[in-house]
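The next block is coords_14.txt, given as compact mmCIF, C-alpha atoms.
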```
# COMPACT_ATOMS: atom_id res chain seq x y z
CA MET A 1 122.15 94.82 49.90
CA ASN A 2 124.49 91.86 49.66
CA ASP A 3 127.90 92.30 48.12
CA ALA A 4 127.76 88.90 46.55
CA ARG A 5 124.46 89.36 44.79
CA GLU A 6 122.94 92.28 42.95
CA VAL A 7 119.21 92.87 42.78
CA VAL A 8 118.36 95.08 39.84
CA VAL A 9 114.95 96.46 38.99
CA LEU A 10 114.24 97.21 35.34
CA ARG A 11 111.40 99.54 34.47
CA TYR A 12 110.42 98.23 31.04
CA GLY A 13 108.95 101.02 28.98
CA HIS A 14 108.33 104.64 29.81
CA ARG A 15 106.13 107.27 28.20
CA PRO A 16 107.59 110.69 28.94
CA GLY A 17 105.14 113.04 30.59
CA ARG A 18 102.58 110.35 31.13
CA ASP A 19 104.69 107.90 33.14
CA ASP A 20 107.10 110.26 34.89
CA ARG A 21 105.56 109.92 38.29
CA MET A 22 104.90 106.19 38.15
CA THR A 23 108.41 105.48 36.89
CA THR A 24 109.80 107.62 39.69
CA HIS A 25 107.77 105.65 42.20
CA VAL A 26 109.10 102.40 40.77
CA GLY A 27 112.63 103.70 41.28
CA LEU A 28 112.04 105.01 44.79
CA THR A 29 110.35 101.76 45.78
CA ALA A 30 113.24 99.73 44.40
CA ARG A 31 115.65 101.84 46.44
CA ALA A 32 113.66 101.81 49.66
CA LEU A 33 112.95 98.09 49.63
CA GLY A 34 116.40 96.73 49.10
CA ALA A 35 117.32 96.69 45.43
CA ASP A 36 120.85 97.77 44.47
CA ARG A 37 120.09 99.45 41.22
CA VAL A 38 117.22 100.56 39.02
CA ILE A 39 117.41 100.78 35.25
CA PHE A 40 115.12 103.15 33.39
CA PRO A 41 114.67 103.56 29.65
CA ASP A 42 116.77 106.45 28.48
CA ASN A 43 113.74 108.68 27.91
CA ALA A 44 113.07 108.70 31.68
CA GLY A 45 115.64 111.33 32.57
CA GLN A 46 113.26 113.27 34.79
CA SER A 47 112.55 110.22 36.93
CA ALA A 48 116.24 109.35 37.09
CA GLU A 49 117.06 112.81 38.37
CA THR A 50 114.51 112.58 41.14
CA VAL A 51 115.63 109.18 42.35
CA ARG A 52 119.27 110.26 42.31
CA ASP A 53 118.39 113.36 44.28
CA ILE A 54 116.62 111.29 46.93
CA THR A 55 119.66 109.00 47.08
CA ASP A 56 121.97 112.00 47.56
CA ARG A 57 119.86 113.25 50.43
CA PHE A 58 118.80 110.06 52.14
CA GLY A 59 121.68 107.76 51.36
CA GLY A 60 122.67 104.75 49.39
CA PRO A 61 124.24 102.92 47.90
CA PHE A 62 121.71 102.90 45.07
CA GLU A 63 122.44 103.32 41.38
CA VAL A 64 120.12 104.73 38.77
CA GLU A 65 120.97 103.82 35.24
CA LEU A 66 119.48 105.01 31.94
CA ARG A 67 119.67 102.48 29.13
CA ASP A 68 118.31 102.22 25.61
CA ASP A 69 118.82 98.50 25.18
CA GLN A 70 116.22 96.89 27.42
CA LYS A 71 115.59 93.94 25.16
CA ALA A 72 119.25 92.98 24.99
CA LEU A 73 119.65 93.59 28.69
CA VAL A 74 116.91 91.11 29.52
CA ARG A 75 118.05 88.61 26.92
CA ASN A 76 121.67 88.67 28.07
CA PHE A 77 121.18 88.97 31.81
CA ASP A 78 123.52 86.65 33.66
CA GLY A 79 121.30 85.64 36.51
CA VAL A 80 117.68 85.04 37.38
CA VAL A 81 114.97 87.07 35.67
CA VAL A 82 111.65 87.65 37.39
CA HIS A 83 108.90 89.40 35.44
CA LEU A 84 106.11 90.85 37.57
CA THR A 85 102.80 90.51 35.79
CA MET A 86 99.17 89.98 36.80
CA TYR A 87 99.22 86.92 34.54
CA GLY A 88 102.02 85.18 36.38
CA GLU A 89 102.20 82.44 38.92
CA ARG A 90 101.05 83.42 42.38
CA VAL A 91 103.83 84.96 44.41
CA GLN A 92 102.99 82.86 47.44
CA ASP A 93 103.45 79.70 45.34
CA VAL A 94 106.80 80.62 43.78
CA GLU A 95 108.58 82.92 46.19
CA ALA A 96 110.50 80.07 47.84
CA ASP A 97 111.67 78.91 44.41
CA VAL A 98 112.81 82.42 43.56
CA ARG A 99 114.71 82.76 46.82
CA GLU A 100 116.33 79.41 46.21
CA ALA A 101 117.27 80.32 42.63
CA VAL A 102 119.12 83.45 43.77
CA GLY A 103 120.65 81.74 46.77
CA LEU A 104 118.63 83.43 49.48
CA GLU A 105 117.29 80.23 51.01
CA ASP A 106 119.29 78.73 53.84
CA ALA A 107 121.45 75.75 52.99
CA THR A 108 119.94 72.39 53.80
CA VAL A 109 121.58 70.49 56.60
CA GLY A 110 124.74 68.89 55.28
CA GLY A 111 124.40 70.65 51.95
CA SER A 112 126.62 73.39 50.61
CA PRO A 113 125.64 77.01 51.06
CA PRO A 114 123.63 78.27 48.10
CA SER A 115 125.54 80.31 45.52
CA PRO A 116 124.29 83.82 45.20
CA ARG A 117 123.05 84.78 41.75
CA ASP A 118 122.05 88.19 40.49
CA LEU A 119 118.37 88.95 40.11
CA LEU A 120 116.67 91.14 37.53
CA VAL A 121 113.13 92.16 38.46
CA VAL A 122 111.26 93.47 35.43
CA VAL A 123 108.32 95.78 35.94
CA GLY A 124 106.35 96.69 32.86
CA GLY A 125 104.82 99.97 31.99
CA GLU A 126 102.90 99.79 28.78
CA LYS A 127 102.76 96.63 26.71
CA VAL A 128 105.74 94.42 27.24
CA PRO A 129 106.83 92.05 24.49
CA TRP A 130 106.12 88.37 24.52
CA ALA A 131 109.89 87.72 24.58
CA LEU A 132 109.97 88.99 28.12
CA TYR A 133 107.46 86.37 29.27
CA GLU A 134 109.56 83.73 27.59
CA ARG A 135 112.96 84.91 28.83
CA ALA A 136 111.74 85.31 32.41
CA ASP A 137 112.73 82.46 34.68
CA PHE A 138 109.66 83.34 36.69
CA ASN A 139 106.55 85.25 35.70
CA VAL A 140 105.13 86.27 39.04
CA GLY A 141 101.80 87.82 40.00
CA VAL A 142 101.15 89.58 43.27
CA THR A 143 97.53 88.54 43.04
CA ASN A 144 96.14 87.94 39.55
CA GLN A 145 94.19 91.18 39.78
CA PRO A 146 94.93 94.44 38.01
CA HIS A 147 96.40 96.96 40.39
CA SER A 148 99.72 98.81 40.36
CA GLU A 149 103.21 97.91 39.25
CA VAL A 150 104.48 99.83 42.28
CA ALA A 151 102.41 97.70 44.65
CA GLY A 152 103.50 94.49 42.94
CA LEU A 153 107.16 95.46 43.15
CA ALA A 154 106.85 96.46 46.80
CA VAL A 155 105.23 93.23 47.95
CA PHE A 156 107.59 91.13 45.86
CA LEU A 157 110.73 92.77 47.30
CA ASP A 158 109.41 92.57 50.87
CA ARG A 159 108.83 88.83 50.40
CA LEU A 160 112.07 88.26 48.48
CA PHE A 161 114.13 89.69 51.32
CA ALA A 162 111.75 88.32 53.99
CA GLY A 163 111.61 91.76 55.55
CA ALA A 164 115.39 92.11 55.97
CA GLU A 165 115.37 95.14 53.68
CA LEU A 166 113.54 97.10 56.39
CA ASP A 167 116.63 97.00 58.57
CA ARG A 168 119.20 98.09 56.04
CA GLU A 169 121.64 100.88 56.75
CA TRP A 170 122.02 103.94 54.55
CA ALA A 171 125.44 105.38 53.70
CA ASP A 172 126.36 108.96 52.83
CA ALA A 173 123.00 110.43 53.74
CA ASP A 174 122.61 114.15 54.41
CA ARG A 175 119.65 113.49 56.62
CA ARG A 176 117.54 110.80 58.11
CA VAL A 177 114.07 110.43 59.55
CA VAL A 178 113.77 109.27 63.13
CA PRO A 179 110.66 107.07 63.55
CA GLU A 180 108.03 108.68 65.77
CA ALA A 181 104.73 107.49 67.19
CA THR A 182 103.40 111.02 66.66
CA GLY A 183 105.64 113.53 65.02
CA LYS A 184 108.02 114.32 62.23
CA THR A 185 111.66 114.24 63.18
CA VAL A 186 114.34 114.69 60.58
CA ILE A 187 117.94 115.04 61.64
CA ASP A 188 121.20 115.65 59.88
CA ALA A 189 122.77 112.31 59.27
CA ASP A 190 125.62 113.21 61.58
CA GLY A 191 123.16 113.75 64.39
CA GLU A 192 123.29 117.51 64.54
CA GLY A 193 120.26 119.64 64.07
CA VAL A 194 116.61 118.80 64.22
CA GLU A 195 113.99 119.88 61.69
CA GLY A 196 110.28 119.82 61.87
CA ASP A 197 109.83 118.14 65.22
CA GLY A 198 106.13 118.02 65.99
CA ASP A 199 105.46 120.59 63.35
CA ALA A 200 103.13 120.07 60.42
CA GLU A 201 105.54 121.93 58.20
CA GLY A 202 108.79 120.33 57.31
CA ASP A 203 111.15 120.07 54.45
CA GLU A 204 110.57 116.43 53.88
CA GLY A 205 106.93 116.44 53.01
CA ASP A 206 103.89 115.57 54.89
CA GLY A 207 102.25 112.24 54.44
CA ASP A 208 103.51 112.26 50.91
CA ALA A 209 106.05 109.50 51.01
CA GLU A 210 108.20 111.07 48.37
CA GLY A 211 109.13 114.04 50.49
CA ASP A 212 108.57 117.64 49.73
CA GLU A 213 110.57 119.82 47.39
CA GLY A 214 108.42 122.86 47.73
CA ASP A 215 105.18 121.75 46.21
CA GLY A 216 104.61 118.58 48.14
CA ASP A 217 106.03 116.41 45.43
CA ALA A 218 109.52 114.89 45.43
CA GLU A 219 109.47 114.42 41.70
CA GLY A 220 109.58 118.12 41.20
CA ASP A 221 107.37 119.83 38.71
CA GLU A 222 106.30 117.36 36.10
CA GLY A 223 104.34 119.80 34.07
CA ALA A 224 101.10 118.50 32.76
CA GLU A 225 101.38 115.26 34.71
CA MET B 1 87.45 90.32 53.75
CA ASN B 2 85.93 89.50 57.12
CA ASP B 3 82.26 90.14 57.74
CA ALA B 4 82.94 91.19 61.30
CA ARG B 5 85.58 93.77 60.51
CA GLU B 6 85.84 96.35 57.81
CA VAL B 7 89.18 97.56 56.48
CA VAL B 8 88.79 100.92 54.81
CA VAL B 9 91.46 102.82 52.94
CA LEU B 10 91.17 106.59 52.84
CA ARG B 11 93.07 108.53 50.19
CA TYR B 12 93.60 111.84 51.96
CA GLY B 13 93.84 114.60 49.40
CA HIS B 14 93.68 114.52 45.63
CA ARG B 15 94.76 117.02 43.00
CA PRO B 16 92.65 116.45 39.88
CA GLY B 17 94.71 115.84 36.78
CA ARG B 18 97.92 115.57 38.71
CA ASP B 19 96.98 112.75 41.06
CA ASP B 20 94.48 110.83 38.94
CA ARG B 21 96.75 107.93 38.24
CA MET B 22 98.27 107.65 41.70
CA THR B 23 94.88 107.86 43.38
CA THR B 24 93.62 105.17 41.04
CA HIS B 25 96.57 102.99 41.97
CA VAL B 26 95.84 103.52 45.65
CA GLY B 27 92.28 102.33 45.06
CA LEU B 28 93.26 99.33 42.96
CA THR B 29 95.90 98.32 45.50
CA ALA B 30 93.40 98.58 48.34
CA ARG B 31 91.01 96.34 46.40
CA ALA B 32 93.57 93.77 45.33
CA LEU B 33 95.20 93.41 48.73
CA GLY B 34 92.17 92.82 50.89
CA ALA B 35 90.52 96.11 51.88
CA ASP B 36 86.73 96.26 51.79
CA ARG B 37 86.33 99.84 50.73
CA VAL B 38 88.27 102.85 49.50
CA ILE B 39 87.25 106.43 50.12
CA PHE B 40 88.42 109.13 47.76
CA PRO B 41 87.95 112.88 48.06
CA ASP B 42 84.96 113.90 45.97
CA ASN B 43 87.14 115.55 43.33
CA ALA B 44 88.57 112.14 42.39
CA GLY B 45 85.68 111.02 40.22
CA GLN B 46 87.91 109.81 37.41
CA SER B 47 89.78 107.49 39.72
CA ALA B 48 86.56 106.25 41.30
CA GLU B 49 85.17 105.35 37.91
CA THR B 50 88.25 103.33 37.01
CA VAL B 51 88.29 101.36 40.24
CA ARG B 52 84.57 100.63 39.98
CA ASP B 53 85.03 99.45 36.42
CA ILE B 54 87.79 97.05 37.48
CA THR B 55 85.54 95.79 40.27
CA ASP B 56 82.69 95.19 37.81
CA ARG B 57 84.98 93.19 35.56
CA PHE B 58 87.16 91.33 38.03
CA GLY B 59 84.84 91.01 40.99
CA GLY B 60 84.27 92.18 44.51
CA PRO B 61 82.95 92.94 46.91
CA PHE B 62 84.73 96.27 46.97
CA GLU B 63 83.18 99.67 47.49
CA VAL B 64 84.43 102.97 46.18
CA GLU B 65 83.12 106.00 47.97
CA LEU B 66 83.51 109.69 47.21
CA ARG B 67 83.38 111.92 50.25
CA ASP B 68 84.00 115.60 50.94
CA ASP B 69 84.36 115.29 54.70
CA GLN B 70 87.71 113.62 55.21
CA LYS B 71 88.57 115.48 58.38
CA ALA B 72 85.33 114.56 60.10
CA LEU B 73 85.60 111.02 58.82
CA VAL B 74 88.97 110.54 60.45
CA ARG B 75 88.00 112.34 63.62
CA ASN B 76 84.81 110.33 64.09
CA PHE B 77 85.99 106.94 62.91
CA ASP B 78 84.76 104.21 65.22
CA GLY B 79 87.72 101.89 65.13
CA VAL B 80 91.48 101.90 64.76
CA VAL B 81 93.14 104.56 62.61
CA VAL B 82 96.50 103.84 60.99
CA HIS B 83 98.21 106.68 59.14
CA LEU B 84 100.94 105.57 56.72
CA THR B 85 103.78 108.06 56.71
CA MET B 86 107.54 107.97 56.25
CA TYR B 87 107.80 109.63 59.66
CA GLY B 88 105.98 106.88 61.50
CA GLU B 89 107.07 104.00 63.64
CA ARG B 90 108.64 101.16 61.74
CA VAL B 91 106.06 98.73 60.42
CA GLN B 92 108.03 95.74 61.64
CA ASP B 93 107.95 97.13 65.18
CA VAL B 94 104.23 97.91 65.35
CA GLU B 95 102.47 95.50 63.03
CA ALA B 96 101.74 93.02 65.80
CA ASP B 97 100.19 95.80 67.89
CA VAL B 98 98.04 96.86 64.96
CA ARG B 99 96.87 93.31 64.34
CA GLU B 100 96.05 92.97 68.00
CA ALA B 101 94.18 96.28 68.08
CA VAL B 102 91.88 95.20 65.26
CA GLY B 103 91.50 91.68 66.59
CA LEU B 104 93.55 89.86 63.98
CA GLU B 105 95.95 88.26 66.42
CA ASP B 106 95.06 84.83 67.68
CA ALA B 107 93.59 84.62 71.15
CA THR B 108 96.05 83.71 73.85
CA VAL B 109 95.63 80.34 75.46
CA GLY B 110 92.80 80.55 77.91
CA GLY B 111 91.92 84.06 76.83
CA SER B 112 88.82 85.21 75.02
CA PRO B 113 88.89 85.59 71.25
CA PRO B 114 89.86 89.12 70.26
CA SER B 115 86.98 91.42 69.26
CA PRO B 116 87.20 92.58 65.69
CA ARG B 117 87.41 96.33 65.24
CA ASP B 118 87.19 98.30 62.05
CA LEU B 119 90.39 99.74 60.62
CA LEU B 120 90.91 102.96 58.69
CA VAL B 121 94.17 103.14 56.77
CA VAL B 122 94.95 106.70 55.75
CA VAL B 123 97.24 107.32 52.82
CA GLY B 124 98.24 110.90 52.18
CA GLY B 125 98.62 112.62 48.91
CA GLU B 126 99.79 116.14 49.31
CA LYS B 127 100.32 117.68 52.72
CA VAL B 128 98.17 116.08 55.38
CA PRO B 129 97.18 118.05 58.45
CA TRP B 130 98.79 117.66 61.81
CA ALA B 131 95.42 116.55 63.21
CA LEU B 132 95.77 113.32 61.28
CA TYR B 133 99.04 112.48 63.02
CA GLU B 134 97.38 113.14 66.34
CA ARG B 135 94.14 111.27 65.67
CA ALA B 136 95.94 108.22 64.29
CA ASP B 137 96.22 105.37 66.73
CA PHE B 138 99.33 104.37 64.83
CA ASN B 139 101.56 106.41 62.54
CA VAL B 140 103.35 103.73 60.58
CA GLY B 141 106.29 103.91 58.19
CA VAL B 142 107.14 101.21 55.69
CA THR B 143 110.79 102.19 55.95
CA ASN B 144 111.50 105.79 56.96
CA GLN B 145 112.56 106.56 53.42
CA PRO B 146 110.66 108.57 50.84
CA HIS B 147 109.13 106.28 48.23
CA SER B 148 105.52 105.76 47.20
CA GLU B 149 102.23 105.77 49.04
CA VAL B 150 101.18 102.87 46.82
CA ALA B 151 104.18 100.81 47.93
CA GLY B 152 103.61 101.67 51.58
CA LEU B 153 99.96 100.69 51.38
CA ALA B 154 100.75 97.42 49.60
CA VAL B 155 103.36 96.25 52.09
CA PHE B 156 101.23 97.34 55.04
CA LEU B 157 98.17 95.40 53.84
CA ASP B 158 100.20 92.29 53.01
CA ARG B 159 101.60 92.32 56.53
CA LEU B 160 98.29 93.23 58.18
CA PHE B 161 96.59 90.22 56.66
CA ALA B 162 99.74 88.06 56.92
CA GLY B 163 99.31 87.12 53.27
CA ALA B 164 95.76 85.83 53.65
CA GLU B 165 94.54 88.47 51.23
CA LEU B 166 96.33 86.65 48.40
CA ASP B 167 93.90 83.74 48.71
CA ARG B 168 90.65 85.68 48.75
CA GLU B 169 87.80 84.81 46.44
CA TRP B 170 86.19 87.29 44.07
CA ALA B 171 82.42 87.42 43.59
CA ASP B 172 80.44 88.57 40.54
CA ALA B 173 83.41 88.79 38.23
CA ASP B 174 82.99 88.82 34.46
CA ARG B 175 86.43 87.36 33.99
CA ARG B 176 89.42 86.06 35.82
CA VAL B 177 93.09 85.51 35.14
CA VAL B 178 94.43 82.00 35.44
CA PRO B 179 98.01 82.06 36.77
CA GLU B 180 100.56 80.86 34.23
CA ALA B 181 104.27 80.17 34.37
CA THR B 182 104.48 81.56 30.83
CA GLY B 183 101.37 82.91 29.25
CA LYS B 184 98.35 85.12 29.60
CA THR B 185 95.14 83.25 30.23
CA VAL B 186 91.94 85.11 30.90
CA ILE B 187 88.69 83.25 31.14
CA ASP B 188 85.09 84.20 31.61
CA ALA B 189 84.33 83.87 35.26
CA ASP B 190 81.88 81.09 34.50
CA GLY B 191 84.68 79.11 32.89
CA GLU B 192 83.58 79.48 29.32
CA GLY B 193 85.83 80.99 26.73
CA VAL B 194 89.54 81.65 26.74
CA GLU B 195 91.18 84.89 25.68
CA GLY B 196 94.74 85.67 24.95
CA ASP B 197 96.32 82.34 25.74
CA GLY B 198 100.02 82.54 24.94
CA ASP B 199 99.41 85.62 22.86
CA ALA B 200 101.12 88.93 23.43
CA GLU B 201 97.88 90.71 22.59
CA GLY B 202 95.04 90.45 25.01
CA ASP B 203 92.25 92.52 26.34
CA GLU B 204 93.61 92.69 29.82
CA GLY B 205 96.87 94.47 29.22
CA ASP B 206 100.38 93.33 28.98
CA GLY B 207 102.73 93.73 31.87
CA ASP B 208 100.72 96.74 32.86
CA ALA B 209 99.15 95.59 36.06
CA GLU B 210 96.11 97.75 35.64
CA GLY B 211 94.90 95.97 32.55
CA ASP B 212 94.38 97.37 29.14
CA GLU B 213 91.44 99.42 28.02
CA GLY B 214 92.77 100.08 24.58
CA ASP B 215 95.76 102.23 25.25
CA GLY B 216 97.58 100.08 27.73
CA ASP B 217 96.19 101.94 30.67
CA ALA B 218 93.32 100.77 32.89
CA GLU B 219 92.64 104.24 34.12
CA GLY B 220 91.43 105.26 30.72
CA ASP B 221 92.49 108.47 29.17
CA GLU B 222 93.55 110.91 31.82
CA GLY B 223 94.26 113.73 29.48
CA ALA B 224 97.47 115.50 30.16
CA GLU B 225 98.47 113.01 32.86
```

Mind converting the file's structure to structure tokens?
Amino acid sequence: MNDAREVVVLRYGHRPGRDDRMTTHVGLTARALGADRVIFPDNAGQSAETVRDITDRFGGPFEVELRDDQKALVRNFDGVVVHLTMYGERVQDVEADVREAVGLEDATVGGSPPSPRDLLVVVGGEKVPWALYERADFNVGVTNQPHSEVAGLAVFLDRLFAGAELDREWADADRRVVPEATGKTVIDADGEGVEGDGDAEGDEGDGDAEGDEGDGDAEGDEGAE
Amino acid sequence: MNDAREVVVLRYGHRPGRDDRMTTHVGLTARALGADRVIFPDNAGQSAETVRDITDRFGGPFEVELRDDQKALVRNFDGVVVHLTMYGERVQDVEADVREAVGLEDATVGGSPPSPRDLLVVVGGEKVPWALYERADFNVGVTNQPHSEVAGLAVFLDRLFAGAELDREWADADRRVVPEATGKTVIDADGEGVEGDGDAEGDEGDGDAEGDEGDGDAEGDEGAE
């Protein structure tokens, strides 16, 4: 969200078929909650397509990248690396240190403004290698309970940005949702046209946060998933 | 987390096979981030089993309920109903009202302490009926972007409890994770025995927040998922 600093989410590991939906949700969560880019393993083409499609429709900027060199990427990252893991330090104990490391904390009185540094947030799928724990500047747990990498990423980003990501603007959107106390209002991004106002039908899904591409599922048809 | 008030998460809708993993993640997220109970549709037995297993191992209290009467449940709920949807009012605009409605806001000076009320948080899977939008006391969007019901639930709970859920205690656990800056330390809940300290192997998974039951996936084998 900030031109001076890039926040990149890396989905480490992907099992095609099995992980398509979860990897997609990691990407959509990264986009919605303020990251600039998500990197998927290069066998996650299906997920990449879905996230790019959502970005085309609902706006950006948000990049989706497919890479086959995750290990090198982590090893060589020029910035701060946070690895989200249930084994890590408690997010409430380290979040201020993380914000300070990337230059998101306010300058102290009389001190110089903090320099922005890029941040790589690594979210594991299946087993991640020990080297990731070691390379990470911070191993962070949103609770030390087993739950969901999507939930961990979401809470981490919301705390990293201190809620500022909820107010971001979206560029080059075809359409946008207008918040409603009761209702579903989707308008063309240029303000013309209204779809699905007060109607349980609607092109953008129905309680399913990913939107609706015909079968209630923004990821499209993932076969046996 | 509070004896006087129950926070219940309802997973509205479940497609067996297709939704097993996501429904499981909804349940695990509800547990980890402070809810007292999750209700799944009665065709989500696989997910229920996984969440109960995690609760047996890592502690509670946390109830998993299978019900076939979701509509009636919502309609008759004696308390506050929040429906999480991308179409809803922005979480940052309504979270104080929600906290006040359930009695989580501090009493005003000179006023009486707020009465606790139960809260039902409804998370949709596939299309949810219009009646849910109408019955909900609050339709709430964590952003008005399409992303993940798991992410929406996580951020909502973290804000509902203002982070207090991260400090909760767990009762009757077999084991617990000890937070580490670099490492994976799992101990028996009674303090005896250490597993997986500094070792990339470990019974509780590896970067996969759900833990590891042999194949890197806490939900067990979900077949074609």

Quick one: of B:Gly59, B:Val91, B:Glu126, B:Ala72, who's nearest to Pro16 in chain B, counting all atoms listed in the file?
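The shortest atom-to-atom distance to Pro16 in chain B comes from B:Glu126.
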
Atom pair CA of Ser148 in chain B / CA of Ala32 in chain A: separation (Å)
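These two atoms are separated by 9.4 Å.
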
Counting all atoms listed in the file, which of B:Ala164, B:Ala189, B:Glu169, B:Gly27 gets nearest to Ile54 in chain B?
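Closest residue, counting all atoms listed in the file: B:Gly27.
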
Point-to-point distance from CA of Arg15 in chain A to CA of Arg75 in chain A, Å rounded to tenths
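Computed distance, CA of Arg15 in chain A to CA of Arg75 in chain A, equals 22.2 Å.
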
Could you check how far CA of Asn139 in chain B sits from CA of Asp19 in chain B, in Å to one decimal?
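So the two atoms, CA of Asn139 in chain B and CA of Asp19 in chain B, lie 22.9 Å apart.
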
Looking at only C-alpha atoms, which of B:Gln145, B:Arg67, B:Arg11, B:Leu84 is the one that sits closest to Thr55 in chain A?
B:Gln145

Looking at B:Lys71, B:His25, B:Arg168, B:Arg135, which one is nearest to chain A, with distances taken over all atoms listed in the file?
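Closest residue, counting all atoms listed in the file: B:His25.
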
Can you tell me, as a ChimeraX atom specification, what residues are no more than 12 Å from Ala151 in chain B when counting all atoms listed in the file, ignoring any on the same chain fewer than 2 positions away?
/A:22,25-33,147-158,208-210 /B:22,25-26,29-30,33,84-86,123,141-143,145-149,153-158

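Distances from A:Phe77, A:Phe62, A:Phe161, A:Tyr12 to chain B were compared using all atoms listed in the file, and the smallest one belongs to A:Tyr12.
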
Which is closest to Leu132 in chain B among A:Gly183, A:Gly34, A:Gly163, A:Gly17, if we use all atoms listed in the file?
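Looking at the shortest contact to Leu132 in chain B, the residue is A:Gly183.
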